[in-house]
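Structure file model25.tsv (TSV, C-alpha atoms and all ligand atoms) is printed below.
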chain	number	residue	atom	x	y	z
H	1	MET	CA	17.23	3.15	-16.88
H	2	LYS	CA	15.12	0.01	-16.49
H	3	LYS	CA	11.46	0.77	-15.82
H	4	THR	CA	10.22	-0.52	-12.45
H	5	LYS	CA	7.99	-3.58	-12.76
H	6	ALA	CA	5.39	-3.93	-10.04
H	7	ILE	CA	2.76	-6.38	-8.89
H	8	ILE	CA	-0.23	-4.93	-7.08
H	9	LEU	CA	-2.03	-7.12	-4.56
H	10	ILE	CA	-5.66	-6.42	-3.77
H	11	SER	CA	-8.63	-8.03	-2.05
H	12	GLY	CA	-11.54	-5.68	-2.68
H	13	ASN	CA	-12.74	-2.61	-4.54
H	14	GLY	CA	-9.35	-1.59	-5.87
H	15	THR	CA	-9.90	2.17	-5.76
H	16	ASN	CA	-6.24	2.61	-4.77
H	17	LEU	CA	-5.30	0.41	-7.73
H	18	SER	CA	-7.38	2.65	-10.00
H	19	ASN	CA	-5.66	5.72	-8.56
H	20	ILE	CA	-2.20	4.21	-9.15
H	21	ILE	CA	-3.16	3.50	-12.77
H	22	GLU	CA	-4.27	7.15	-13.19
H	23	ASN	CA	-0.96	8.33	-11.73
H	24	ILE	CA	0.94	6.17	-14.21
H	25	LYS	CA	-1.16	7.49	-17.08
H	26	SER	CA	-0.57	11.09	-16.06
H	27	GLY	CA	3.19	10.44	-16.00
H	28	PHE	CA	3.57	11.06	-12.25
H	29	ILE	CA	4.75	7.48	-11.69
H	30	LYS	CA	6.98	5.87	-14.29
H	31	MET	CA	6.27	2.20	-13.70
H	32	ASP	CA	4.75	-0.85	-15.37
H	33	ILE	CA	2.13	-2.88	-13.56
H	34	PHE	CA	3.08	-6.41	-14.52
H	35	MET	CA	0.11	-8.02	-12.83
H	36	VAL	CA	-2.69	-7.56	-10.33
H	37	ILE	CA	-3.04	-10.40	-7.85
H	38	SER	CA	-6.09	-10.95	-5.70
H	39	ASN	CA	-6.81	-13.51	-3.01
H	40	ASN	CA	-10.52	-12.91	-3.61
H	41	SER	CA	-12.12	-13.98	-6.89
H	42	LYS	CA	-14.96	-11.49	-6.35
H	43	ALA	CA	-12.70	-8.46	-5.86
H	44	LYS	CA	-14.06	-5.54	-7.91
H	45	GLY	CA	-10.47	-4.44	-8.47
H	46	LEU	CA	-10.06	-7.37	-10.87
H	47	ASN	CA	-12.46	-5.60	-13.28
H	48	ILE	CA	-10.32	-2.46	-13.06
H	49	ALA	CA	-7.29	-4.50	-14.10
H	50	GLU	CA	-9.22	-6.05	-16.96
H	51	ASN	CA	-10.51	-2.69	-18.16
H	52	HIS	CA	-6.92	-1.47	-18.38
H	53	ASN	CA	-5.61	-4.63	-20.05
H	54	ILE	CA	-3.50	-5.51	-17.02
H	55	ALA	CA	-2.96	-9.21	-16.42
H	56	SER	CA	-4.55	-10.52	-13.27
H	57	MET	CA	-4.49	-13.65	-11.21
H	58	ILE	CA	-6.38	-15.06	-8.27
H	59	ILE	CA	-4.17	-16.80	-5.76
H	60	ASP	CA	-5.53	-19.01	-3.05
H	61	THR	CA	-3.67	-17.85	0.04
H	62	ASN	CA	-4.09	-21.18	1.79
H	63	GLU	CA	-2.17	-23.31	-0.65
H	64	SER	CA	1.38	-22.78	-1.82
H	65	PHE	CA	0.82	-19.02	-1.88
H	66	ASP	CA	4.46	-18.24	-1.11
H	67	TYR	CA	5.69	-20.61	-3.80
H	68	VAL	CA	3.35	-19.27	-6.51
H	69	LEU	CA	4.01	-15.62	-5.66
H	70	SER	CA	7.80	-15.92	-5.47
H	71	ASP	CA	7.84	-17.90	-8.72
H	72	ILE	CA	6.06	-15.03	-10.51
H	73	VAL	CA	8.25	-12.39	-8.86
H	74	ASP	CA	11.53	-14.16	-9.64
H	75	LYS	CA	10.74	-15.31	-13.19
H	76	ASN	CA	9.61	-11.83	-14.20
H	77	ASN	CA	12.20	-9.72	-12.37
H	78	ILE	CA	9.58	-7.87	-10.35
H	79	ASP	CA	11.03	-4.88	-8.51
H	80	LEU	CA	8.16	-3.89	-6.26
H	81	LEU	CA	5.13	-5.47	-4.58
H	82	ILE	CA	2.39	-3.02	-3.62
H	83	LEU	CA	-0.28	-4.07	-1.16
H	84	ALA	CA	-3.24	-1.85	-2.02
H	85	GLY	CA	-6.08	-3.14	0.12
H	86	PHE	CA	-4.68	-6.66	0.40
H	87	MET	CA	-6.33	-8.16	3.45
H	88	LYS	CA	-4.13	-11.20	3.99
H	89	ILE	CA	-0.91	-11.34	5.97
H	90	LEU	CA	2.04	-12.19	3.75
H	91	PRO	CA	4.05	-15.18	4.98
H	92	LYS	CA	7.40	-14.42	6.65
H	93	ILE	CA	9.20	-16.32	3.91
H	94	ILE	CA	7.92	-13.69	1.43
H	95	THR	CA	8.49	-10.62	3.62
H	96	ASP	CA	12.05	-11.77	4.37
H	97	LYS	CA	12.89	-12.70	0.78
H	98	TYR	CA	11.65	-9.40	-0.68
H	99	ASP	CA	12.67	-7.18	2.24
H	100	GLY	CA	12.67	-3.55	1.12
H	101	LYS	CA	10.61	-4.32	-1.99
H	102	ILE	CA	7.13	-4.56	-0.46
H	103	ILE	CA	5.04	-1.56	0.56
H	104	ASN	CA	1.56	-1.40	2.07
H	105	ILE	CA	-1.08	1.28	2.46
H	106	HIS	CA	-2.67	1.09	5.90
H	107	PRO	CA	-5.72	3.10	7.01
H	108	SER	CA	-4.39	4.51	10.29
H	109	LEU	CA	-1.66	6.65	11.74
H	110	LEU	CA	0.70	3.79	12.50
H	111	PRO	CA	1.89	2.65	15.00
H	112	LYS	CA	-1.64	3.39	16.20
H	113	HIS	CA	-4.35	0.90	15.22
H	114	LYS	CA	-2.53	-1.95	13.51
H	115	GLY	CA	-4.63	-4.70	11.95
H	116	LEU	CA	-8.27	-4.55	10.93
H	117	ASP	CA	-11.22	-2.19	11.60
H	118	THR	CA	-9.10	0.90	12.08
H	119	HIS	CA	-11.99	3.32	11.55
H	120	LYS	CA	-14.07	1.57	14.21
H	121	LYS	CA	-11.09	1.77	16.58
H	122	VAL	CA	-10.77	5.52	15.93
H	123	ILE	CA	-14.48	6.03	16.63
H	124	LYS	CA	-14.32	3.97	19.81
H	125	ALA	CA	-11.25	5.81	21.08
H	126	LYS	CA	-12.67	9.19	19.94
H	127	ASP	CA	-9.26	9.94	18.43
H	128	LYS	CA	-8.78	13.61	17.53
H	129	PHE	CA	-6.68	12.73	14.49
H	130	HIS	CA	-6.82	9.89	11.99
H	131	GLY	CA	-4.97	9.20	8.80
H	132	ALA	CA	-3.20	6.72	6.56
H	133	SER	CA	0.34	5.41	6.34
H	134	VAL	CA	2.51	3.82	3.67
H	135	HIS	CA	5.10	1.51	5.16
H	136	TYR	CA	7.57	-1.16	4.19
H	137	VAL	CA	6.22	-4.62	4.88
H	138	THR	CA	8.10	-6.85	7.32
H	139	SER	CA	7.12	-10.01	9.17
H	140	GLU	CA	5.70	-7.83	11.97
H	141	LEU	CA	2.08	-6.98	11.12
H	142	ASP	CA	1.87	-3.31	10.04
H	143	GLY	CA	5.18	-2.85	11.83
H	144	GLY	CA	7.73	-2.03	9.11
H	145	PRO	CA	9.35	1.41	8.71
H	146	ILE	CA	6.73	4.05	7.93
H	147	ILE	CA	7.56	6.06	4.83
H	148	ILE	CA	4.81	8.68	4.64
H	149	GLN	CA	1.66	9.61	6.53
H	150	GLY	CA	-1.22	11.96	5.92
H	151	LYS	CA	-3.56	12.98	8.72
H	152	TYR	CA	-6.70	15.00	9.31
H	153	LYS	CA	-8.65	16.24	12.30
H	154	VAL	CA	-11.68	14.01	12.80
H	155	ASP	CA	-14.82	16.12	12.96
H	156	GLN	CA	-17.46	13.45	12.38
H	157	TYR	CA	-17.31	10.04	14.04
H	158	ASP	CA	-19.18	8.37	11.20
H	159	GLU	CA	-17.55	5.32	9.66
H	160	GLU	CA	-18.60	6.05	6.07
H	161	ILE	CA	-17.37	9.65	6.26
H	162	ILE	CA	-14.11	8.55	7.85
H	163	LYS	CA	-13.62	5.90	5.15
H	164	LYS	CA	-14.07	8.53	2.45
H	165	ASN	CA	-11.64	10.93	4.13
H	166	ILE	CA	-9.04	8.21	4.56
H	167	HIS	CA	-9.34	7.15	0.93
H	168	MET	CA	-8.72	10.77	-0.14
H	169	ILE	CA	-5.52	10.73	1.93
H	170	GLU	CA	-4.47	7.36	0.53
H	171	TYR	CA	-4.92	8.59	-3.04
H	172	GLN	CA	-2.36	11.29	-2.26
H	173	ILE	CA	0.28	9.42	-0.26
H	174	LEU	CA	0.48	6.04	-1.99
H	175	PRO	CA	1.45	7.46	-5.41
H	176	ILE	CA	4.08	9.65	-3.73
H	177	ALA	CA	5.64	6.67	-1.92
H	178	ILE	CA	5.62	4.64	-5.14
H	179	LYS	CA	7.25	7.51	-7.05
H	180	TRP	CA	9.99	7.78	-4.39
H	181	PHE	CA	10.60	4.02	-4.62
H	182	VAL	CA	10.68	4.04	-8.42
H	183	GLU	CA	13.05	7.02	-8.52
H	184	ASN	CA	15.32	5.44	-5.88
H	185	ASN	CA	14.76	8.25	-3.40
H	186	ILE	CA	13.91	5.83	-0.63
H	187	VAL	CA	15.79	2.72	0.49
H	188	LYS	CA	14.87	0.45	3.41
H	189	LEU	CA	17.72	0.03	5.90
H	190	GLY	CA	16.79	-2.44	8.65
H	191	ASN	CA	13.98	-0.89	10.68
H	192	LYS	CA	14.61	2.56	9.20
H	193	PHE	CA	14.78	3.98	5.69
H	194	SER	CA	16.78	6.61	3.94
H	195	PHE	CA	15.56	9.46	1.79
H	196	ASN	CA	18.08	10.67	-0.78
H	197	GLY	CA	20.83	9.07	1.30
H	198	GLU	CA	19.78	10.55	4.63
H	199	ILE	CA	18.50	8.17	7.31
H	200	LEU	CA	15.15	9.34	8.64
H	201	GLU	CA	14.10	8.72	12.23
H	202	CYS	CA	10.39	9.29	11.65
H	203	PRO	CA	7.85	9.13	8.80
H	204	ILE	CA	7.53	11.96	6.32
H	205	GLU	CA	4.38	13.95	7.04
H	206	HIS	CA	2.38	14.76	3.95
H	207	ILE	CA	0.58	18.08	3.88
H	208	LEU	CA	-2.84	17.32	2.44
H	209	LYS	CA	-4.04	18.94	-0.72
H	210	ASN	CA	-7.77	19.69	-0.85
O	301	LIG	C1	-7.80	0.94	1.93
O	301	LIG	O1	-8.39	1.87	2.80
O	301	LIG	C2	-6.55	0.35	2.55
O	301	LIG	O2	-5.87	1.23	3.37
O	301	LIG	C3	-7.13	-0.79	3.36
O	301	LIG	O3	-8.14	-1.32	2.56
O	301	LIG	C4	-8.71	-0.28	1.77
O	301	LIG	C5	-8.78	-0.77	0.33
O	301	LIG	O4	-9.51	0.11	-0.46
O	301	LIG	N1	-6.13	-1.74	3.68
O	301	LIG	C6	-6.08	-2.40	4.82
O	301	LIG	O5	-6.92	-2.28	5.69
O	301	LIG	C7	-4.91	-3.36	4.96
O	301	LIG	N2	-4.84	-3.87	6.26
O	301	LIG	P1	-9.53	-0.06	-2.05
O	301	LIG	O6	-9.75	-1.55	-2.34
O	301	LIG	O7	-10.70	0.76	-2.49
O	301	LIG	O8	-8.22	0.44	-2.57
Can you turn what I pasted into structure tokens?
Amino acid sequence: MKKTKAIILISGNGTNLSNIIENIKSGFIKMDIFMVISNNSKAKGLNIAENHNIASMIIDTNESFDYVLSDIVDKNNIDLLILAGFMKILPKIITDKYDGKIINIHPSLLPKHKGLDTHKKVIKAKDKFHGASVHYVTSELDGGPIIIQGKYKVDQYDEEIIKKNIHMIEYQILPIAIKWFVENNIVKLGNKFSFNGEILECPIEHILKN
């Protein structure tokens, strides 16, 4: 069977990227990272790619982004685009063209708190629970079918602590979603998705490991 070829898009520290690489190395995910793409030349995640001999590229999202990205995807038979801390909205032309092949990790329990500053929103709303979601990317911001979520009971309304807790959840759920994609367990079907052939009406809830 052909090994899945992925591009990972980042904008910042790339700790999720690093975690994906570790999960590939351990054999949990059988996938090749073809390239890491950043819209930010100062993204620390670019050093992570370099340290692991993964090709990387900086793309200016203002100019011909859709053309450059789809050229790379098409010429190299890329199977999966993973947004791992990518802070730009993908153009509709890209989300439509690669429908079902783009997943994103989002730091909230979607559909709650779409967009930016999710931890601040949780603090302001004094939410009892917070978490992270992996979802298929569509032209609706953070609105595609949610594949998997992990949640925890918020006990400290401190942004740094929340950020750390959410990252711990993300490091568990993103590799699982990628593994399911790579092993063809999940398939996007319109605004739903199927798991091993069964259409699911709601996201899969991940039970957190300590
Ligand atoms: C992650 O928490 C991810 O969920 C979030 O950015 C962080 C990136 O961390 N993504 C978004 O907010 C997308 N809207 P990392 O660079 O250390 O992986």
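The space between CA of Lys2 (chain H) and atom O8 of ligand LIG 301 (chain O) spans 27.2 Å.
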Applying 8 Å and all atoms listed in the file, which residues near region 198-206 of chain H remain after dropping the ones on its own chain fewer than 3 positions away? List them as an NGL selection string. :H and (145-151 or 173 or 192-195)
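With only C-alpha atoms as the basis for measurement, H:Asn16 is the residue among H:Asn16, H:Asn40, H:Asn185, H:Ser139 that approaches Gln172 (chain H) most closely.
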When the cut-off is 6 Å and you count all atoms listed in the file, which residues lie near ligand LIG 301 (chain O), shown as a PyMOL selection string? chain H and resi 12-17+84-87+105-107+115-116+167
Written selection (C-alpha atoms) as a compact mmCIF listing (two decimals), in the coordinates of the input:
# COMPACT_ATOMS: atom_id res chain seq x y z
CA GLY H 12 -11.54 -5.68 -2.68
CA ASN H 13 -12.74 -2.61 -4.54
CA GLY H 14 -9.35 -1.59 -5.87
CA THR H 15 -9.90 2.17 -5.76
CA ASN H 16 -6.24 2.61 -4.77
CA LEU H 17 -5.30 0.41 -7.73
CA ALA H 84 -3.24 -1.85 -2.02
CA GLY H 85 -6.08 -3.14 0.12
CA PHE H 86 -4.68 -6.66 0.40
CA MET H 87 -6.33 -8.16 3.45
CA ILE H 105 -1.08 1.28 2.46
CA HIS H 106 -2.67 1.09 5.90
CA PRO H 107 -5.72 3.10 7.01
CA GLY H 115 -4.63 -4.70 11.95
CA LEU H 116 -8.27 -4.55 10.93
CA HIS H 167 -9.34 7.15 0.93
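The coordinates place CA of Glu170 (chain H) at 26.6 Å from CA of Asp60 (chain H).
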Counting only C-alpha atoms, which residues come within 6 Å of (4.0, 0.0, 2.5), with the point read in the file's coordinates, and could you list them as a PyMOL selection string? chain H and resi 103-105+134-137
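Taking CA of Glu183 (chain H) and CA of Asn19 (chain H) as the two end points, the separation is 18.8 Å.
The list of residues within 12 Å of (4.9, -1.8, -15.8), counted using only C-alpha atoms, is Lys2, Lys3, Thr4, Lys5, Ala6, Ile7, Ile8, Ile20, Ile21, Ile24, Lys25, Ile29, Lys30, Met31, Asp32, Ile33, Phe34, Met35, Val36, Asn53, Ile54, Ala55, Asn76, Asn77, Ile78, Asp79, Leu80, Leu81 and Val182 of chain H.
Proximity ranking of H:His130, H:Phe181, H:Lys209, H:Leu141 relative to Asn196 (chain H) places H:Phe181 first, based on only C-alpha atoms.
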With the input short on atoms, add all heavy atoms back to region 115-126 of chain H and write it as an mmCIF file, keeping the file's coordinate frame.
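Final output, out27.cif:
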data_model
loop_
_atom_site.group_PDB
_atom_site.id
_atom_site.type_symbol
_atom_site.label_atom_id
_atom_site.label_comp_id
_atom_site.auth_asym_id
_atom_site.auth_seq_id
_atom_site.Cartn_x
_atom_site.Cartn_y
_atom_site.Cartn_z
ATOM 1 N N GLY H 115 -3.624 -3.672 12.198
ATOM 2 C CA GLY H 115 -4.630 -4.700 11.950
ATOM 3 C C GLY H 115 -5.899 -4.158 11.308
ATOM 4 O O GLY H 115 -5.874 -3.150 10.607
ATOM 5 N N LEU H 116 -7.004 -4.846 11.608
ATOM 6 C CA LEU H 116 -8.270 -4.550 10.930
ATOM 7 C C LEU H 116 -9.113 -3.503 11.678
ATOM 8 O O LEU H 116 -8.798 -3.136 12.793
ATOM 9 C CB LEU H 116 -9.093 -5.838 10.788
ATOM 10 C CG LEU H 116 -8.444 -6.961 9.984
ATOM 11 C CD1 LEU H 116 -9.302 -8.222 10.036
ATOM 12 C CD2 LEU H 116 -8.214 -6.540 8.533
ATOM 13 N N ASP H 117 -10.188 -3.061 10.992
ATOM 14 C CA ASP H 117 -11.220 -2.190 11.600
ATOM 15 C C ASP H 117 -10.658 -0.917 12.217
ATOM 16 O O ASP H 117 -11.040 -0.518 13.323
ATOM 17 C CB ASP H 117 -12.002 -2.983 12.671
ATOM 18 C CG ASP H 117 -12.778 -4.134 12.046
ATOM 19 O OD1 ASP H 117 -13.236 -3.983 10.896
ATOM 20 O OD2 ASP H 117 -12.911 -5.182 12.697
ATOM 21 N N THR H 118 -9.762 -0.288 11.529
ATOM 22 C CA THR H 118 -9.100 0.900 12.080
ATOM 23 C C THR H 118 -10.081 2.058 12.293
ATOM 24 O O THR H 118 -9.953 2.793 13.262
ATOM 25 C CB THR H 118 -7.950 1.351 11.162
ATOM 26 O OG1 THR H 118 -8.489 1.639 9.877
ATOM 27 C CG2 THR H 118 -6.880 0.282 11.040
ATOM 28 N N HIS H 119 -11.052 2.196 11.382
ATOM 29 C CA HIS H 119 -11.990 3.320 11.550
ATOM 30 C C HIS H 119 -12.849 3.125 12.801
ATOM 31 O O HIS H 119 -13.102 4.065 13.549
ATOM 32 C CB HIS H 119 -12.878 3.481 10.305
ATOM 33 C CG HIS H 119 -12.104 3.586 9.032
ATOM 34 N ND1 HIS H 119 -10.853 4.134 8.969
ATOM 35 C CD2 HIS H 119 -12.410 3.209 7.764
ATOM 36 C CE1 HIS H 119 -10.417 4.078 7.726
ATOM 37 N NE2 HIS H 119 -11.330 3.521 6.979
ATOM 38 N N LYS H 120 -13.277 1.887 12.998
ATOM 39 C CA LYS H 120 -14.070 1.570 14.210
ATOM 40 C C LYS H 120 -13.245 1.878 15.466
ATOM 41 O O LYS H 120 -13.765 2.405 16.455
ATOM 42 C CB LYS H 120 -14.459 0.091 14.215
ATOM 43 C CG LYS H 120 -15.590 -0.244 13.255
ATOM 44 C CD LYS H 120 -16.124 -1.662 13.536
ATOM 45 C CE LYS H 120 -17.336 -1.991 12.692
ATOM 46 N NZ LYS H 120 -17.046 -2.205 11.276
ATOM 47 N N LYS H 121 -11.961 1.541 15.416
ATOM 48 C CA LYS H 121 -11.090 1.770 16.580
ATOM 49 C C LYS H 121 -10.953 3.269 16.854
ATOM 50 O O LYS H 121 -10.936 3.704 18.005
ATOM 51 C CB LYS H 121 -9.705 1.152 16.325
ATOM 52 C CG LYS H 121 -9.715 -0.378 16.371
ATOM 53 C CD LYS H 121 -8.375 -0.949 15.928
ATOM 54 C CE LYS H 121 -8.398 -2.476 15.877
ATOM 55 N NZ LYS H 121 -7.244 -3.042 15.161
ATOM 56 N N VAL H 122 -10.875 4.056 15.779
ATOM 57 C CA VAL H 122 -10.770 5.520 15.930
ATOM 58 C C VAL H 122 -12.037 6.078 16.551
ATOM 59 O O VAL H 122 -11.990 6.918 17.450
ATOM 60 C CB VAL H 122 -10.486 6.170 14.549
ATOM 61 C CG1 VAL H 122 -10.764 7.658 14.561
ATOM 62 C CG2 VAL H 122 -9.050 5.898 14.134
ATOM 63 N N ILE H 123 -13.182 5.568 16.103
ATOM 64 C CA ILE H 123 -14.480 6.030 16.630
ATOM 65 C C ILE H 123 -14.586 5.675 18.113
ATOM 66 O O ILE H 123 -14.958 6.505 18.944
ATOM 67 C CB ILE H 123 -15.647 5.437 15.807
ATOM 68 C CG1 ILE H 123 -15.635 6.016 14.384
ATOM 69 C CG2 ILE H 123 -16.987 5.706 16.488
ATOM 70 C CD1 ILE H 123 -16.558 5.321 13.397
ATOM 71 N N LYS H 124 -14.220 4.439 18.414
ATOM 72 C CA LYS H 124 -14.320 3.970 19.810
ATOM 73 C C LYS H 124 -13.410 4.790 20.732
ATOM 74 O O LYS H 124 -13.806 5.169 21.837
ATOM 75 C CB LYS H 124 -13.934 2.491 19.871
ATOM 76 C CG LYS H 124 -14.359 1.842 21.150
ATOM 77 C CD LYS H 124 -14.271 0.327 21.107
ATOM 78 C CE LYS H 124 -14.579 -0.224 22.496
ATOM 79 N NZ LYS H 124 -13.740 -1.335 22.852
ATOM 80 N N ALA H 125 -12.218 5.078 20.245
ATOM 81 C CA ALA H 125 -11.250 5.810 21.080
ATOM 82 C C ALA H 125 -11.477 7.320 21.019
ATOM 83 O O ALA H 125 -10.813 8.070 21.723
ATOM 84 C CB ALA H 125 -9.828 5.478 20.619
ATOM 85 N N LYS H 126 -12.420 7.763 20.164
ATOM 86 C CA LYS H 126 -12.670 9.190 19.940
ATOM 87 C C LYS H 126 -11.348 9.928 19.646
ATOM 88 O O LYS H 126 -11.072 11.019 20.181
ATOM 89 C CB LYS H 126 -13.351 9.834 21.162
ATOM 90 C CG LYS H 126 -14.849 9.528 21.279
ATOM 91 C CD LYS H 126 -15.670 10.665 20.655
ATOM 92 C CE LYS H 126 -17.172 10.472 20.720
ATOM 93 N NZ LYS H 126 -17.741 9.439 19.877
#
